[in-house]
Amino acid sequence: MKNITINPQQIAACGLYCGVCKKFLNGRCPGCKENEKASWCKIRKCCQEKGFHTCAECDKDVKDCKIHNNFVGKIFAFLFNSDRAACIRYIRENGENAFAEKMAKEKQMTMKK
């Protein structure tokens, strides 16, 4: 099992922090950035096409973005009490390093609603 580290490269395009995910830490997932099976993810695809690391680099507010604020995301948010839009806002305001540090310290993949 890998140790939890502070690594901005482990931030998914949508704002989740893969660096504390049990599947990632157990080596069963390479993380959202490297996971070619995640080709279904429209957020990941959008960021890749625009050359962004995360949605925080986009000019559009994530609450107004139909790609980030989609049906699958709403189900995920409900099931896991997740607020990925808050993650993106935190990254914009504080930077990726601060976000990775916060998530690693709290051992959370996402900010809670």
# chains A, B, ... in the order shown; residues from 1 in each chain; ligands from 1
$ closest_atom_pairs --of "stretch 5-42 of chain A" --to "stretch 48-53 of chain A" --cutoff "10 Å" --atoms "only C-alpha atoms" --output "JSON lines"
{"residue": "A:Pro8", "atom": "CA", "partner": "A:His53", "partner_atom": "CA", "distance": 9.5}
{"residue": "A:Gln9", "atom": "CA", "partner": "A:His53", "partner_atom": "CA", "distance": 8.3}
{"residue": "A:Ile11", "atom": "CA", "partner": "A:His53", "partner_atom": "CA", "distance": 8.1}
{"residue": "A:Ala12", "atom": "CA", "partner": "A:His53", "partner_atom": "CA", "distance": 7.8}
{"residue": "A:Ala13", "atom": "CA", "partner": "A:His53", "partner_atom": "CA", "distance": 6.0}
{"residue": "A:Cys14", "atom": "CA", "partner": "A:His53", "partner_atom": "CA", "distance": 9.3}
{"residue": "A:Gly15", "atom": "CA", "partner": "A:His53", "partner_atom": "CA", "distance": 9.7}
{"residue": "A:Lys33", "atom": "CA", "partner": "A:His53", "partner_atom": "CA", "distance": 8.7}
{"residue": "A:Lys42", "atom": "CA", "partner": "A:Gln48", "partner_atom": "CA", "distance": 9.8}
$ write_last_selection --atoms "N, CA and C atoms" --output "CSV table (one decimal), in the first residue's frame"
chain,number,residue,atom,x,y,z
A,8,PRO,N,0.2,17.5,-6.0
A,8,PRO,CA,-0.8,18.1,-6.9
A,8,PRO,C,-1.1,17.3,-8.1
A,9,GLN,N,-0.2,16.5,-8.6
A,9,GLN,CA,-0.4,15.7,-9.7
A,9,GLN,C,-1.5,14.6,-9.5
A,11,ILE,N,-4.4,15.3,-8.2
A,11,ILE,CA,-5.7,15.9,-8.3
A,11,ILE,C,-6.4,15.6,-9.6
A,12,ALA,N,-7.6,15.1,-9.6
A,12,ALA,CA,-8.3,14.8,-10.8
A,12,ALA,C,-8.8,16.0,-11.4
A,13,ALA,N,-9.2,16.0,-12.7
A,13,ALA,CA,-9.7,17.1,-13.4
A,13,ALA,C,-10.9,17.8,-12.7
A,14,CYS,N,-11.7,17.0,-12.1
A,14,CYS,CA,-13.0,17.5,-11.5
A,14,CYS,C,-12.8,18.0,-10.1
A,15,GLY,N,-11.6,17.8,-9.6
A,15,GLY,CA,-11.3,18.4,-8.2
A,15,GLY,C,-11.2,17.3,-7.1
A,33,LYS,N,-5.9,10.8,-13.8
A,33,LYS,CA,-5.1,11.4,-14.9
A,33,LYS,C,-4.6,10.2,-15.8
A,42,LYS,N,-16.4,12.9,-19.1
A,42,LYS,CA,-16.4,14.1,-20.0
A,42,LYS,C,-15.6,15.3,-19.4
$ residues_around --residues "A:Lys23" --least-positions-apart "5" --cutoff "12 Å" --atoms "only C-alpha atoms" --output "list in words"
Met1, Lys2, Cys18, Arg28, Cys29, Pro30, Gly31, Cys32, Asn35 and Met109 of chain A
$ closest_residue --among "A:Lys105, A:Lys22, A:Lys113, A:Lys45" --to "A:Lys74" --atoms "only C-alpha atoms"
A:Lys113
$ atom_distance --atom1 "atom CA of A:Gln108" --atom2 "atom CA of A:Leu25"
12.8 Å
$ residues_around --residues "A:Asn81" --least-positions-apart "3" --cutoff "9 Å" --atoms "only C-alpha atoms" --output "number ranges by chain"
A: 76-78, 110-113
$ write_last_selection --atoms "all heavy atoms" --output "PDB file, in the first residue's frame"
ATOM      1  N   PHE A  76     -23.085  11.347  -7.891  1.00  0.00           N
ATOM      2  CA  PHE A  76     -21.866  11.171  -7.097  1.00  0.00           C
ATOM      3  C   PHE A  76     -21.911  12.074  -5.870  1.00  0.00           C
ATOM      4  O   PHE A  76     -21.620  11.632  -4.757  1.00  0.00           O
ATOM      5  CB  PHE A  76     -20.642  11.496  -7.969  1.00  0.00           C
ATOM      6  CG  PHE A  76     -19.338  11.311  -7.264  1.00  0.00           C
ATOM      7  CD1 PHE A  76     -18.703  10.084  -7.274  1.00  0.00           C
ATOM      8  CD2 PHE A  76     -18.731  12.355  -6.592  1.00  0.00           C
ATOM      9  CE1 PHE A  76     -17.489   9.906  -6.623  1.00  0.00           C
ATOM     10  CE2 PHE A  76     -17.535  12.188  -5.934  1.00  0.00           C
ATOM     11  CZ  PHE A  76     -16.906  10.955  -5.950  1.00  0.00           C
ATOM     12  N   ALA A  77     -22.289  13.337  -6.070  1.00  0.00           N
ATOM     13  CA  ALA A  77     -22.352  14.295  -4.963  1.00  0.00           C
ATOM     14  C   ALA A  77     -23.348  13.841  -3.903  1.00  0.00           C
ATOM     15  O   ALA A  77     -23.081  13.935  -2.699  1.00  0.00           O
ATOM     16  CB  ALA A  77     -22.733  15.673  -5.490  1.00  0.00           C
ATOM     17  N   PHE A  78     -24.481  13.329  -4.340  1.00  0.00           N
ATOM     18  CA  PHE A  78     -25.502  12.861  -3.404  1.00  0.00           C
ATOM     19  C   PHE A  78     -25.024  11.634  -2.626  1.00  0.00           C
ATOM     20  O   PHE A  78     -25.121  11.583  -1.404  1.00  0.00           O
ATOM     21  CB  PHE A  78     -26.799  12.547  -4.154  1.00  0.00           C
ATOM     22  CG  PHE A  78     -27.871  11.975  -3.278  1.00  0.00           C
ATOM     23  CD1 PHE A  78     -28.581  12.791  -2.413  1.00  0.00           C
ATOM     24  CD2 PHE A  78     -28.151  10.621  -3.296  1.00  0.00           C
ATOM     25  CE1 PHE A  78     -29.558  12.265  -1.594  1.00  0.00           C
ATOM     26  CE2 PHE A  78     -29.132  10.076  -2.482  1.00  0.00           C
ATOM     27  CZ  PHE A  78     -29.840  10.906  -1.623  1.00  0.00           C
ATOM     28  N   THR A 110     -12.525  14.571  -1.285  1.00  0.00           N
ATOM     29  CA  THR A 110     -13.321  15.706  -1.708  1.00  0.00           C
ATOM     30  C   THR A 110     -13.738  16.530  -0.519  1.00  0.00           C
ATOM     31  O   THR A 110     -13.714  16.055   0.621  1.00  0.00           O
ATOM     32  CB  THR A 110     -14.571  15.212  -2.483  1.00  0.00           C
ATOM     33  OG1 THR A 110     -15.304  16.344  -2.969  1.00  0.00           O
ATOM     34  CG2 THR A 110     -15.469  14.376  -1.603  1.00  0.00           C
ATOM     35  N   MET A 111     -14.125  17.746  -0.782  1.00  0.00           N
ATOM     36  CA  MET A 111     -14.717  18.561   0.271  1.00  0.00           C
ATOM     37  C   MET A 111     -16.170  18.112   0.428  1.00  0.00           C
ATOM     38  O   MET A 111     -16.811  17.741  -0.546  1.00  0.00           O
ATOM     39  CB  MET A 111     -14.617  20.036  -0.098  1.00  0.00           C
ATOM     40  CG  MET A 111     -13.175  20.488  -0.249  1.00  0.00           C
ATOM     41  SD  MET A 111     -13.029  22.182  -0.775  1.00  0.00           S
ATOM     42  CE  MET A 111     -12.642  22.924   0.790  1.00  0.00           C
ATOM     43  N   LYS A 112     -16.633  18.117   1.643  1.00  0.00           N
ATOM     44  CA  LYS A 112     -17.994  17.649   1.916  1.00  0.00           C
ATOM     45  C   LYS A 112     -18.984  18.798   1.814  1.00  0.00           C
ATOM     46  O   LYS A 112     -18.647  19.947   2.056  1.00  0.00           O
ATOM     47  CB  LYS A 112     -18.067  17.029   3.316  1.00  0.00           C
ATOM     48  CG  LYS A 112     -17.132  15.840   3.518  1.00  0.00           C
ATOM     49  CD  LYS A 112     -17.520  14.672   2.673  1.00  0.00           C
ATOM     50  CE  LYS A 112     -16.596  13.490   2.916  1.00  0.00           C
ATOM     51  NZ  LYS A 112     -16.853  12.400   2.035  1.00  0.00           N
ATOM     52  N   LYS A 113     -20.214  18.433   1.447  1.00  0.00           N
ATOM     53  CA  LYS A 113     -21.291  19.441   1.359  1.00  0.00           C
ATOM     54  C   LYS A 113     -21.696  19.875   2.736  1.00  0.00           C
ATOM     55  O   LYS A 113     -21.621  19.196   3.686  1.00  0.00           O
ATOM     56  CB  LYS A 113     -22.498  18.858   0.623  1.00  0.00           C
ATOM     57  CG  LYS A 113     -22.266  18.830  -0.858  1.00  0.00           C
ATOM     58  CD  LYS A 113     -23.555  18.593  -1.563  1.00  0.00           C
ATOM     59  CE  LYS A 113     -23.306  18.852  -3.039  1.00  0.00           C
ATOM     60  NZ  LYS A 113     -24.427  19.198  -3.770  1.00  0.00           N
TER      61      LYS A 113
END
$ atom_distance --atom1 "atom CA of A:Gln10" --atom2 "atom CA of A:Ala100"
7.9 Å
$ select_by_dssp --residues "stretch 4-103 of chain A" --states "helix (DSSP H, G or I)" --output "ChimeraX atom specification"
/A:8-10,18-20,22-25,36-40,42-50,55-57,71-80,84-94,96-103
$ closest_residue --among "A:Ala86, A:Phe71, A:Ala104, A:Ala98" --to "A:Cys41" --atoms "only C-alpha atoms"
A:Phe71
$ closest_residue --among "A:Ile4, A:Ile67, A:Glu57, A:Cys21" --to "A:Arg44" --atoms "only C-alpha atoms"
A:Ile67
$ atom_distance --atom1 "atom CA of A:Ser39" --atom2 "atom CA of A:Phe80"
21.8 Å
$ select_by_dssp --residues "chain A" --states "strand (DSSP E or B)" --output "list in words"
Ile11, Tyr17, Ser82 and Lys112 of chain A
$ write_last_selection --atoms "N, CA, C and O atoms" --output "short mmCIF file (atom, residue, chain, number, x, y, z; two decimals), in the first residue's frame"
data_model
loop_
_atom_site.label_atom_id
_atom_site.label_comp_id
_atom_site.auth_asym_id
_atom_site.auth_seq_id
_atom_site.Cartn_x
_atom_site.Cartn_y
_atom_site.Cartn_z
N ILE A 11 -4.41 15.28 -8.24
CA ILE A 11 -5.72 15.94 -8.29
C ILE A 11 -6.36 15.61 -9.62
O ILE A 11 -5.76 15.80 -10.68
N TYR A 17 -9.35 14.37 -5.03
CA TYR A 17 -7.95 14.11 -4.73
C TYR A 17 -7.71 12.61 -4.70
O TYR A 17 -8.03 11.93 -3.73
N SER A 82 -20.40 14.83 -1.58
CA SER A 82 -19.24 15.47 -2.19
C SER A 82 -19.60 16.83 -2.80
O SER A 82 -20.66 17.00 -3.39
N LYS A 112 -16.63 18.12 1.64
CA LYS A 112 -17.99 17.65 1.92
C LYS A 112 -18.98 18.80 1.81
O LYS A 112 -18.65 19.95 2.06
#
$ closest_residue --among "A:Cys58, A:Ile43, A:Asp83, A:Ile91" --to "A:Asn70" --atoms "only C-alpha atoms"
A:Ile43
